[in-house]
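Okay, final33.cif is below, mmCIF, C-alpha atoms:
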```
data_entry
loop_
_atom_site.label_atom_id
_atom_site.label_comp_id
_atom_site.auth_asym_id
_atom_site.auth_seq_id
_atom_site.Cartn_x
_atom_site.Cartn_y
_atom_site.Cartn_z
CA MET A 11 11.77 -6.30 18.94
CA THR A 12 14.22 -3.96 17.20
CA PRO A 13 14.55 -3.08 13.53
CA ALA A 14 17.26 -4.74 11.47
CA SER A 15 20.48 -2.78 11.72
CA THR A 16 21.70 -3.44 8.18
CA THR A 17 20.02 -4.38 4.94
CA PRO A 18 21.65 -5.46 1.64
CA GLY A 19 21.58 -2.59 -0.81
CA VAL A 20 21.02 0.07 1.86
CA ALA A 21 24.06 2.27 2.37
CA ALA A 22 23.42 3.07 6.03
CA PRO A 23 20.95 2.25 8.79
CA PRO A 24 17.96 4.58 9.24
CA GLU A 25 18.71 8.00 10.69
CA THR A 26 15.73 7.68 13.02
CA THR A 27 14.37 5.02 15.37
CA THR A 28 10.81 6.28 15.57
CA LEU A 29 8.11 7.88 13.43
CA ARG A 30 7.61 11.59 14.02
CA GLY A 31 3.83 11.74 13.99
CA LYS A 32 1.18 9.83 15.91
CA ASP A 33 -0.57 8.88 12.64
CA LEU A 34 0.24 7.34 9.27
CA LEU A 35 -1.86 9.29 6.78
CA GLY A 36 0.32 9.18 3.68
CA ILE A 37 3.78 8.60 2.27
CA ALA A 38 3.97 12.33 1.50
CA ASP A 39 4.39 12.94 5.25
CA LEU A 40 7.30 10.49 5.69
CA SER A 41 11.00 11.18 5.29
CA PRO A 42 13.27 8.68 3.49
CA ALA A 43 14.69 7.73 6.90
CA GLU A 44 11.21 6.96 8.26
CA ILE A 45 10.39 4.85 5.20
CA SER A 46 13.62 2.90 5.69
CA LEU A 47 12.77 2.45 9.36
CA VAL A 48 9.41 0.86 8.49
CA LEU A 49 11.03 -1.44 5.90
CA ASP A 50 13.81 -2.49 8.27
CA THR A 51 11.32 -3.13 11.08
CA ALA A 52 9.19 -5.20 8.70
CA GLU A 53 12.19 -7.47 8.08
CA ALA A 54 12.23 -8.34 11.77
CA MET A 55 8.45 -8.79 11.76
CA LYS A 56 8.46 -11.14 8.78
CA GLU A 57 10.44 -13.73 10.73
CA ILE A 58 7.52 -14.14 13.13
CA ALA A 59 5.44 -15.75 10.33
CA SER A 60 7.90 -18.66 10.18
CA ARG A 61 7.53 -19.55 13.86
CA PRO A 62 5.35 -22.44 15.09
CA ILE A 63 3.49 -19.92 17.27
CA LYS A 64 3.06 -16.76 15.21
CA LYS A 65 2.51 -14.36 18.08
CA VAL A 66 4.54 -11.86 20.11
CA PRO A 67 3.38 -9.67 23.02
CA ALA A 68 4.53 -6.37 21.47
CA LEU A 69 1.05 -4.74 21.50
CA ARG A 70 -0.46 -6.56 24.46
CA GLY A 71 -2.94 -4.24 26.15
CA LYS A 72 -3.44 -2.10 23.03
CA THR A 73 -6.82 -1.87 21.30
CA VAL A 74 -7.10 -1.44 17.52
CA VAL A 75 -10.37 -0.67 15.71
CA ASN A 76 -10.63 -1.56 12.01
CA LEU A 77 -13.07 0.88 10.43
CA PHE A 78 -13.60 -0.03 6.76
CA PHE A 79 -16.22 1.91 4.80
CA GLU A 80 -15.18 0.28 1.51
CA PRO A 81 -14.85 -3.40 0.53
CA SER A 82 -11.45 -4.93 1.17
CA THR A 83 -9.93 -8.40 1.28
CA ARG A 84 -6.15 -8.04 1.39
CA THR A 85 -5.79 -4.84 3.39
CA ARG A 86 -8.40 -5.61 6.01
CA THR A 87 -7.34 -9.23 6.48
CA SER A 88 -3.65 -8.43 6.70
CA PHE A 89 -4.24 -5.64 9.22
CA GLU A 90 -6.29 -7.99 11.38
CA ILE A 91 -3.66 -10.74 11.18
CA ALA A 92 -0.92 -8.20 11.93
CA GLU A 93 -2.80 -6.96 14.99
CA LYS A 94 -3.38 -10.48 16.31
CA ARG A 95 0.24 -11.50 15.77
CA LEU A 96 1.27 -8.51 17.90
CA SER A 97 -1.26 -9.54 20.61
CA ALA A 98 -3.43 -6.44 20.24
CA ASP A 99 -7.14 -6.53 21.05
CA THR A 100 -8.90 -6.08 17.70
CA LEU A 101 -12.39 -4.83 16.87
CA ASN A 102 -13.78 -4.99 13.32
CA LEU A 103 -16.70 -2.59 12.95
CA ALA A 104 -19.40 -3.85 10.57
CA ILE A 105 -20.42 -0.63 8.82
CA ALA A 106 -23.63 -2.06 7.34
CA SER A 107 -24.96 -2.88 10.81
CA SER A 108 -23.60 0.23 12.56
CA SER A 109 -25.23 3.62 13.10
CA VAL A 110 -23.64 4.79 9.84
CA ALA A 111 -26.56 3.02 8.15
CA LYS A 112 -28.85 5.39 10.11
CA GLY A 113 -27.10 8.49 8.85
CA GLU A 114 -24.36 8.99 11.46
CA THR A 115 -21.42 11.02 10.14
CA LEU A 116 -17.85 9.77 10.01
CA ALA A 117 -16.83 12.33 12.64
CA ASP A 118 -19.58 11.24 15.05
CA THR A 119 -18.72 7.58 14.51
CA ALA A 120 -15.07 8.32 15.24
CA LEU A 121 -15.87 10.35 18.37
CA THR A 122 -18.14 7.55 19.61
CA LEU A 123 -15.29 5.08 19.21
CA GLU A 124 -12.85 7.56 20.72
CA ALA A 125 -14.95 7.70 23.88
CA MET A 126 -14.15 4.00 24.37
CA ARG A 127 -10.42 4.81 24.36
CA PRO A 128 -8.98 2.68 21.57
CA ASP A 129 -5.28 3.14 20.88
CA MET A 130 -5.44 3.01 17.08
CA ILE A 131 -8.05 3.29 14.35
CA VAL A 132 -7.36 1.77 10.93
CA LEU A 133 -9.58 3.64 8.45
CA ARG A 134 -10.58 2.95 4.86
CA HIS A 135 -12.98 5.47 3.37
CA SER A 136 -14.22 6.58 -0.06
CA SER A 137 -13.55 10.26 0.68
CA SER A 138 -10.06 11.70 0.19
CA GLY A 139 -8.83 13.27 3.42
CA ALA A 140 -11.01 11.16 5.73
CA GLY A 141 -7.97 10.09 7.74
CA HIS A 142 -6.84 13.69 8.15
CA LEU A 143 -10.26 14.58 9.56
CA LEU A 144 -10.02 11.83 12.16
CA SER A 145 -6.43 12.73 13.05
CA ARG A 146 -7.59 16.23 14.04
CA ILE A 147 -10.40 15.09 16.32
CA CYS A 148 -9.08 11.82 17.74
CA ARG A 149 -6.46 11.09 20.35
CA SER A 150 -6.08 7.59 18.86
CA ALA A 151 -3.41 6.98 16.24
CA ILE A 152 -5.01 6.96 12.79
CA ILE A 153 -3.72 4.64 10.07
CA ASN A 154 -4.90 5.40 6.55
CA ALA A 155 -5.85 2.12 4.84
CA GLY A 156 -6.91 3.99 1.70
CA ASP A 157 -8.86 7.24 1.35
CA GLY A 158 -10.65 7.96 -1.90
CA MET A 159 -8.16 8.76 -4.65
CA HIS A 160 -5.65 10.30 -2.22
CA GLU A 161 -3.23 7.75 -0.71
CA HIS A 162 -2.78 4.14 0.40
CA PRO A 163 0.50 4.33 2.36
CA THR A 164 0.79 0.77 3.64
CA GLN A 165 0.34 -0.59 0.11
CA ALA A 166 3.25 1.51 -1.12
CA LEU A 167 5.35 0.40 1.85
CA LEU A 168 4.68 -3.30 1.19
CA ASP A 169 5.42 -2.75 -2.51
CA ALA A 170 8.74 -1.14 -1.58
CA PHE A 171 9.50 -3.95 0.86
CA THR A 172 8.88 -6.53 -1.87
CA ILE A 173 11.03 -4.65 -4.39
CA ARG A 174 13.88 -4.25 -1.92
CA GLU A 175 13.65 -7.89 -0.88
CA ARG A 176 13.90 -9.04 -4.50
CA LYS A 177 16.30 -6.41 -5.85
CA GLY A 178 18.33 -5.46 -2.77
CA ARG A 179 17.71 -1.78 -3.39
CA ILE A 180 15.21 0.75 -4.72
CA ALA A 181 17.49 3.64 -5.74
CA GLY A 182 18.31 3.59 -9.44
CA LEU A 183 15.69 1.03 -10.46
CA LYS A 184 13.32 1.70 -13.36
CA VAL A 185 9.77 1.09 -12.17
CA ALA A 186 6.99 1.09 -14.78
CA ILE A 187 3.46 1.63 -13.44
CA VAL A 188 0.70 0.78 -15.93
CA GLY A 189 -3.06 1.04 -15.56
CA ASP A 190 -5.76 3.33 -14.21
CA LEU A 191 -3.52 6.12 -13.02
CA LEU A 192 -6.20 8.77 -12.59
CA HIS A 193 -8.24 7.03 -9.90
CA SER A 194 -5.42 5.23 -8.08
CA ARG A 195 -4.44 6.10 -4.52
CA VAL A 196 -1.84 3.32 -4.81
CA LEU A 197 -0.17 5.27 -7.63
CA ARG A 198 0.09 8.46 -5.57
CA SER A 199 1.60 6.72 -2.55
CA ASN A 200 4.05 4.79 -4.73
CA LEU A 201 5.17 7.88 -6.62
CA HIS A 202 5.88 9.68 -3.36
CA LEU A 203 7.85 6.68 -2.08
CA LEU A 204 9.76 5.77 -5.24
CA THR A 205 10.89 9.33 -5.89
CA LYS A 206 11.92 9.83 -2.25
CA LEU A 207 14.06 6.67 -2.42
CA GLY A 208 15.67 7.48 -5.77
CA ALA A 209 13.90 5.18 -8.25
CA GLU A 210 13.19 6.16 -11.86
CA ALA A 211 9.41 5.97 -12.16
CA TRP A 212 7.53 5.72 -15.45
CA ILE A 213 3.75 5.79 -15.68
CA CYS A 214 1.65 4.53 -18.55
CA GLY A 215 -2.03 4.43 -19.45
CA PRO A 216 -4.60 5.87 -21.82
CA PRO A 217 -4.23 9.67 -22.11
CA THR A 218 -7.65 10.00 -20.46
CA LEU A 219 -6.32 8.18 -17.37
CA ILE A 220 -3.07 10.10 -16.89
CA PRO A 221 -3.45 12.63 -14.03
CA PRO A 222 -2.92 16.23 -15.19
CA ASP A 223 -0.73 17.04 -12.18
CA VAL A 224 1.63 14.08 -12.52
CA ALA A 225 4.55 16.28 -13.63
CA ARG A 226 4.94 17.51 -10.06
CA PHE A 227 6.25 14.07 -9.08
CA GLY A 228 9.12 14.31 -11.55
CA VAL A 229 8.21 11.06 -13.34
CA ARG A 230 8.04 10.09 -17.00
CA ALA A 231 4.59 9.64 -18.54
CA THR A 232 3.76 7.81 -21.76
CA SER A 233 0.81 6.17 -23.47
CA ARG A 234 3.04 3.55 -25.13
CA VAL A 235 3.30 0.56 -22.86
CA GLU A 236 6.30 -0.77 -24.79
CA GLU A 237 8.24 2.42 -23.99
CA ALA A 238 7.27 2.25 -20.32
CA VAL A 239 8.39 -1.35 -19.77
CA ASP A 240 11.51 -1.22 -21.96
CA GLY A 241 14.44 -2.06 -19.69
CA ALA A 242 12.30 -1.91 -16.56
CA ASP A 243 13.38 -3.60 -13.34
CA VAL A 244 9.84 -3.60 -11.96
CA ILE A 245 6.46 -3.66 -13.74
CA MET A 246 3.54 -2.65 -11.53
CA LEU A 247 0.00 -3.04 -12.84
CA LEU A 248 -2.94 -1.08 -11.45
CA ARG A 249 -6.58 -2.17 -11.49
CA ILE A 250 -9.06 -0.51 -13.82
CA GLN A 251 -11.44 1.08 -11.28
CA LEU A 252 -14.73 0.99 -13.15
CA GLU A 253 -16.62 1.86 -9.95
CA ARG A 254 -14.95 5.30 -9.89
CA MET A 255 -15.46 6.07 -13.57
CA GLN A 256 -18.34 8.36 -14.51
CA GLY A 257 -17.63 8.35 -18.24
CA ALA A 258 -15.97 6.40 -21.05
CA TYR A 259 -12.20 6.60 -20.61
CA PHE A 260 -11.40 3.97 -23.29
CA PRO A 261 -13.48 2.10 -25.89
CA SER A 262 -13.77 -1.28 -24.13
CA LEU A 263 -12.01 -3.62 -21.72
CA ARG A 264 -10.97 -5.79 -24.66
CA GLU A 265 -9.41 -2.77 -26.37
CA TYR A 266 -7.66 -1.79 -23.13
CA PHE A 267 -6.07 -5.23 -22.84
CA ASN A 268 -4.97 -5.20 -26.46
CA VAL A 269 -3.19 -1.87 -26.03
CA PHE A 270 -2.09 -1.84 -22.38
CA GLY A 271 -2.55 -5.35 -20.96
CA MET A 272 0.58 -7.03 -19.63
CA THR A 273 1.38 -10.03 -21.80
CA ARG A 274 4.43 -12.29 -21.88
CA ALA A 275 5.62 -10.48 -25.02
CA ARG A 276 5.54 -7.13 -23.21
CA VAL A 277 7.24 -8.51 -20.10
CA ARG A 278 10.10 -9.68 -22.32
CA LEU A 279 10.83 -6.02 -23.15
CA ALA A 280 11.85 -5.47 -19.53
CA LYS A 281 15.09 -6.68 -17.99
CA PRO A 282 15.48 -10.48 -17.81
CA ASP A 283 15.15 -10.44 -14.02
CA ALA A 284 12.24 -7.96 -13.91
CA ILE A 285 9.44 -8.60 -11.43
CA VAL A 286 5.71 -8.11 -12.04
CA MET A 287 3.50 -6.64 -9.32
CA HIS A 288 -0.20 -5.92 -8.79
CA PRO A 289 -1.85 -4.58 -5.60
CA GLY A 290 -5.01 -6.58 -6.30
CA PRO A 291 -7.71 -7.38 -6.88
CA MET A 292 -6.68 -8.31 -10.41
CA ASN A 293 -8.87 -8.17 -13.48
CA ARG A 294 -7.37 -11.04 -15.46
CA GLY A 295 -7.51 -10.41 -19.17
CA VAL A 296 -7.80 -6.66 -18.58
CA GLU A 297 -4.67 -5.38 -16.80
CA ILE A 298 -2.76 -8.64 -16.88
CA ALA A 299 -2.76 -11.96 -18.69
CA SER A 300 -3.14 -15.04 -16.51
CA GLU A 301 0.14 -16.47 -17.81
CA VAL A 302 1.88 -13.35 -16.44
CA ALA A 303 -0.04 -13.21 -13.16
CA ASP A 304 0.81 -16.86 -12.46
CA GLY A 305 4.22 -16.83 -14.14
CA PRO A 306 7.75 -16.97 -12.72
CA ASP A 307 8.19 -13.18 -12.82
CA SER A 308 5.12 -12.52 -10.67
CA VAL A 309 5.57 -11.48 -7.02
CA ILE A 310 1.88 -10.75 -6.49
CA LEU A 311 1.41 -13.33 -3.72
CA GLU A 312 4.68 -12.20 -2.13
CA GLN A 313 3.17 -8.73 -1.91
CA VAL A 314 0.22 -10.18 0.00
CA ALA A 315 2.49 -12.04 2.43
CA ASN A 316 4.72 -9.00 2.92
CA GLY A 317 1.67 -6.86 3.65
CA VAL A 318 1.29 -8.55 7.03
CA ALA A 319 4.90 -7.86 8.03
CA VAL A 320 4.76 -4.23 6.89
CA ARG A 321 1.49 -3.56 8.70
CA MET A 322 2.92 -5.20 11.83
CA ALA A 323 5.85 -2.77 11.55
CA VAL A 324 3.55 0.25 11.19
CA LEU A 325 1.39 -0.77 14.17
CA TYR A 326 4.46 -1.50 16.28
CA LEU A 327 6.17 1.83 15.48
CA LEU A 328 3.05 3.94 16.00
CA ALA A 329 2.53 2.22 19.36
CA GLY A 330 5.96 3.43 20.43
CA GLY A 331 8.10 0.52 19.29
CA ALA A 332 10.75 -0.62 21.72
CA GLU A 333 9.82 2.14 24.17
CA HIS A 334 6.29 0.69 24.51
CA GLU A 335 7.69 -2.81 25.06
CA GLU A 336 10.04 -1.57 27.78
CA ALA A 337 7.18 0.27 29.51
CA ALA A 338 5.05 -2.89 29.41
#
```

Would you write out, as structure tokens, the structure that this file holds?
Amino acid sequence: MTPASTTPGVAAPPETTTLRGKDLLGIADLSPAEISLVLDTAEAMKEIASRPIKKVPALRGKTVVNLFFEPSTRTRTSFEIAEKRLSADTLNLAIASSSVAKGETLADTALTLEAMRPDMIVLRHSSSGAGHLLSRICRSAIINAGDGMHEHPTQALLDAFTIRERKGRIAGLKVAIVGDLLHSRVLRSNLHLLTKLGAEAWICGPPTLIPPDVARFGVRATSRVEEAVDGADVIMLLRIQLERMQGAYFPSLREYFNVFGMTRARVRLAKPDAIVMHPGPMNRGVEIASEVADGPDSVILEQVANGVAVRMAVLYLLAGGAEHEEAA
């Protein structure tokens, strides 16, 4: 299995054929060449889903532990499917019935698993930096599946894959990101990625939900959704994360939808061929109208499908890619 050598809209093949680190903790750590490598590799992985037997032996003999401390449907399921399609041995740890319920720390849980010699640990945790902690104490490769309000790198990679697949490129596109910006790890990973690959990123939300440090990303911020989506190539909605809010950030969900919700009228302000994205889960009637979520501009289910291919690519590359296959 080798990454695609050329991709429409990409000027040159990736400058690298491997990822530098043993872990994937965030997009901030990746170079543009490494991002392109993951996206190109995912193109090759996506073809596997169209086969009668959706399985290759690329990770045969490798053990992957999925360690999810927060609820997840899309990320957890797609990681597990990706692992099985690559023939890895997969273990899903049920946190509620593990020793975590007895007070065991994350570090002790990780070291207990490490003693059993897994090859990779996929971690989702409510604390920012949890993946970095594990990367320092574990020999296993650590894949960050979302840590607090820090990063969600594989979500940004699958978003980029979907954009590139639909648009042929990322450089030069106007991408409008609307929603709960303050609490979103998806936002942070996407801003790192989009700016590294040359997109023009706009962010939009209530002033109370715009991060104070967003200027460091070099993006445009506004509280007028019409300005954000005007002429946009991509509209990305973010979920209102009520579970992370300790105060009143806007008057009501109804008011939020009236001012910021993505309606057909607002989508029409974007370019005629604009696509609408959402990492899920969606709050219909809050971030997005049902007619938009289910409409012809929506690529939300494509994002879900592409998540499997992108996570296959990440697992494959962190396992050593073609070098691992040759050794096997």

Residue members of the PyMOL selection byres ((chain A and resi 39) around 12) in the file shown, as a PyMOL selection string: chain A and resi 29-38+40-45+142+161+163+199+202-203+206

Straight-line distance linking CA of Val320 (chain A) with CA of Leu168 (chain A), stated in Å to one decimal: 5.8 Å

Check what the PyMOL selection byres ((chain A and resi 92) around 9) selects in the file above and give those residues as JSON, numbers by chain. {"A": [87, 88, 89, 90, 91, 93, 94, 95, 96, 97, 98, 317, 318, 319, 320, 321, 322, 323, 325]}

With a distance cut-off of 9 Å and only C-alpha atoms, select the neighbouring residues of Ala120 (chain A), excluding the residue or stretch itself and same-chain residues fewer than 3 positions from it, and output the selection as a list in words. Thr115, Leu116, Ala117, Leu123, Glu124, Ala125, Ile131, Leu144, Ile147 and Cys148 of chain A

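If you count only C-alpha atoms and draw a sphere of 10 Å around (-9.3, 10.9, -18.2), the protein and nucleic acid residues inside it come out as Asp190, Leu191, Leu192, His193, Gly215, Pro216, Pro217, Thr218, Leu219, Ile220, Pro221, Pro222, Met255, Gly257, Ala258, Tyr259 and Phe260 of chain A.
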
Would you work out the distance separating CA of Thr172 (chain A) from CA of Val188 (chain A), expressed in Å to one decimal?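 Distance reported for this atom pair: 17.8 Å.
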
Residue with smallest distance to Lys177 (chain A) - pool A:Ile285, A:Leu197, A:Val48, A:Ile298, counting only C-alpha atoms: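 So, comparing all the options, the nearest one is A:Ile285.
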
Which of A:Ser60, A:Thr28, A:Asn102, A:Thr205 sits closest to Leu328 (chain A) [using all atoms listed in the file]: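 Using all atoms listed in the file, the shortest distance to Leu328 (chain A) belongs to A:Thr28.
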
Point-to-point distance in Å for CA of Asn293 (chain A) and CA of Phe78 (chain A): 22.3 Å

Pick from A:Ser82, A:Ile245, A:Glu175, A:Ala280, whichever lies nearest to Asp50 (chain A) using only C-alpha atoms: A:Glu175

As a VMD selection string, please: the residues near region 262-274 of chain A (cut-off 7 Å, only C-alpha atoms, same-chain neighbours under 3 positions excluded). chain A and resid 215 235 277 to 278 295 to 299 302

Nearest residue to Ala284 (chain A) from the set A:Leu252, A:Ala242, A:Ile152, A:Ala231 (distances using only C-alpha atoms): A:Ala242

From A:Ala238, A:Ala170, A:Val74, A:Ala181, residue lying nearest Ile153 (chain A) [all atoms listed in the file]: A:Val74

Decode the PyMOL selection byres ((chain A and resi 72) around 6) for the given file into explicit residues and return them as a PyMOL selection string. chain A and resi 69-71+73+98+129

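Nearest residue to His288 (chain A), choosing from A:Arg276, A:Arg84, A:Arg226, A:Lys56 and counting only C-alpha atoms: A:Arg84.
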